[in-house]
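Reading through the structure tokens given below for one structure.
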Amino acid sequence: VDETARQALIDFGKNNAVVQAREESIRDHLTRLNFALGEPDTTEILIRNLAFAQAVAVAERLYRLIFGSQISLLKSLNSGPLKTDTEMMEFYERAKRKFRKFYGPYSYEDWRGFLLDQEVIVHDSQRDVYGINRNGREFLAWIASQGLSESKYG
């Protein structure tokens, strides 16, 4: 066991007043619903709530950072076949022509790499094609469920 990592997890957010207030609110809510701490049902509820909150935070961060052309690519991959680099590059080139100054030295490899790093597309190296994965599909569904625009700069 990495004791340093374990202690960091124990101490995470410990001295943050906002976190302390949320902790108290969660404990009060669990108590009102008769979910005792340490019980398996309570643990499952807390894990699921943490996972949901993390998924929302990831989606919100990704939406803040992703370009409109990348969302267009995700939508195309979601409804169509796998794409080669050449086919994906068409999305990049179209956006680069439209937003010349914005793209400047930003390369196709960086544009594509962002989507791979965010784990919303995957590369099949055997066939040398790219496709959307579960994370990408869930991200598109989240955009729709939140009523967010798919038409973004870049």
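The chains in the structure tokens are called A, B, ... from first to last as shown; in each chain the residues are counted from 1, and the ligands are counted from 1 in the order shown.
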**OP:** Excluding region 127-133 of chain A and residues on its chain fewer than 6 positions from it, collect all residues at most 9 Å away from it, counting only C-alpha atoms, and give them as number ranges by chain.
**Re:** A: 74-75, 77-78, 81-85, 88, 119-121
**OP:** Please report, as a ChimeraX atom specification, each residue of region 23-137 of chain A to which DSSP assigns helix (DSSP H, G or I) when run on this structure's backbone.
**Re:** /A:23-32,40-65,68-79,85-98,100-103,108-117,134-137
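Near Ser107 (chain A), within 10 Å and counting only C-alpha atoms, sit Tyr92, Glu93, Lys96, Arg112 and Gly113 of chain A, not including residues fewer than 5 positions from it in the same chain.
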Original post:
Do you know which residues are at most 10 Å from Leu148 (chain A) counting only C-alpha atoms, after dropping those on the same chain fewer than 6 positions away, and could you put them as a list in words?
Top reply: Tyr63, Leu140 and Trp142 of chain A
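Every residue of chain A with a DSSP assignment of strand (DSSP E), taken from the backbone, is listed as Ile121, Val122, His123, Asp124, Val129, Tyr130, Gly131 and Ile132 of chain A.
Using only C-alpha atoms, the contacts of Glu150 (chain A) at a cut-off of 8 Å, with sequence neighbours closer than 2 positions omitted, comprise Gly68, Ile71, Ser72, Ile143, Leu148 and Lys152 of chain A.
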Store the residues picked out above, limited to C-alpha atoms, as an mmCIF file, in the first residue's frame.
data_model
loop_
_atom_site.group_PDB
_atom_site.id
_atom_site.type_symbol
_atom_site.label_atom_id
_atom_site.label_comp_id
_atom_site.auth_asym_id
_atom_site.auth_seq_id
_atom_site.Cartn_x
_atom_site.Cartn_y
_atom_site.Cartn_z
ATOM 1 C CA GLY A 68 -17.003 22.605 -32.404
ATOM 2 C CA ILE A 71 -18.020 17.673 -31.653
ATOM 3 C CA SER A 72 -18.970 17.463 -35.350
ATOM 4 C CA ILE A 143 -24.651 17.593 -24.308
ATOM 5 C CA LEU A 148 -25.999 22.648 -24.734
ATOM 6 C CA LYS A 152 -18.929 25.811 -30.730
#
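One distance worth recording is that between CA of Tyr108 (chain A) and CA of Ser151 (chain A), which is 19.5 Å.
What separates CA of Val1 (chain A) from CA of Val58 (chain A) is a distance of 27.4 Å.
In this model, the gap between CA of Thr31 (chain A) and CA of Val19 (chain A) comes to 18.3 Å.
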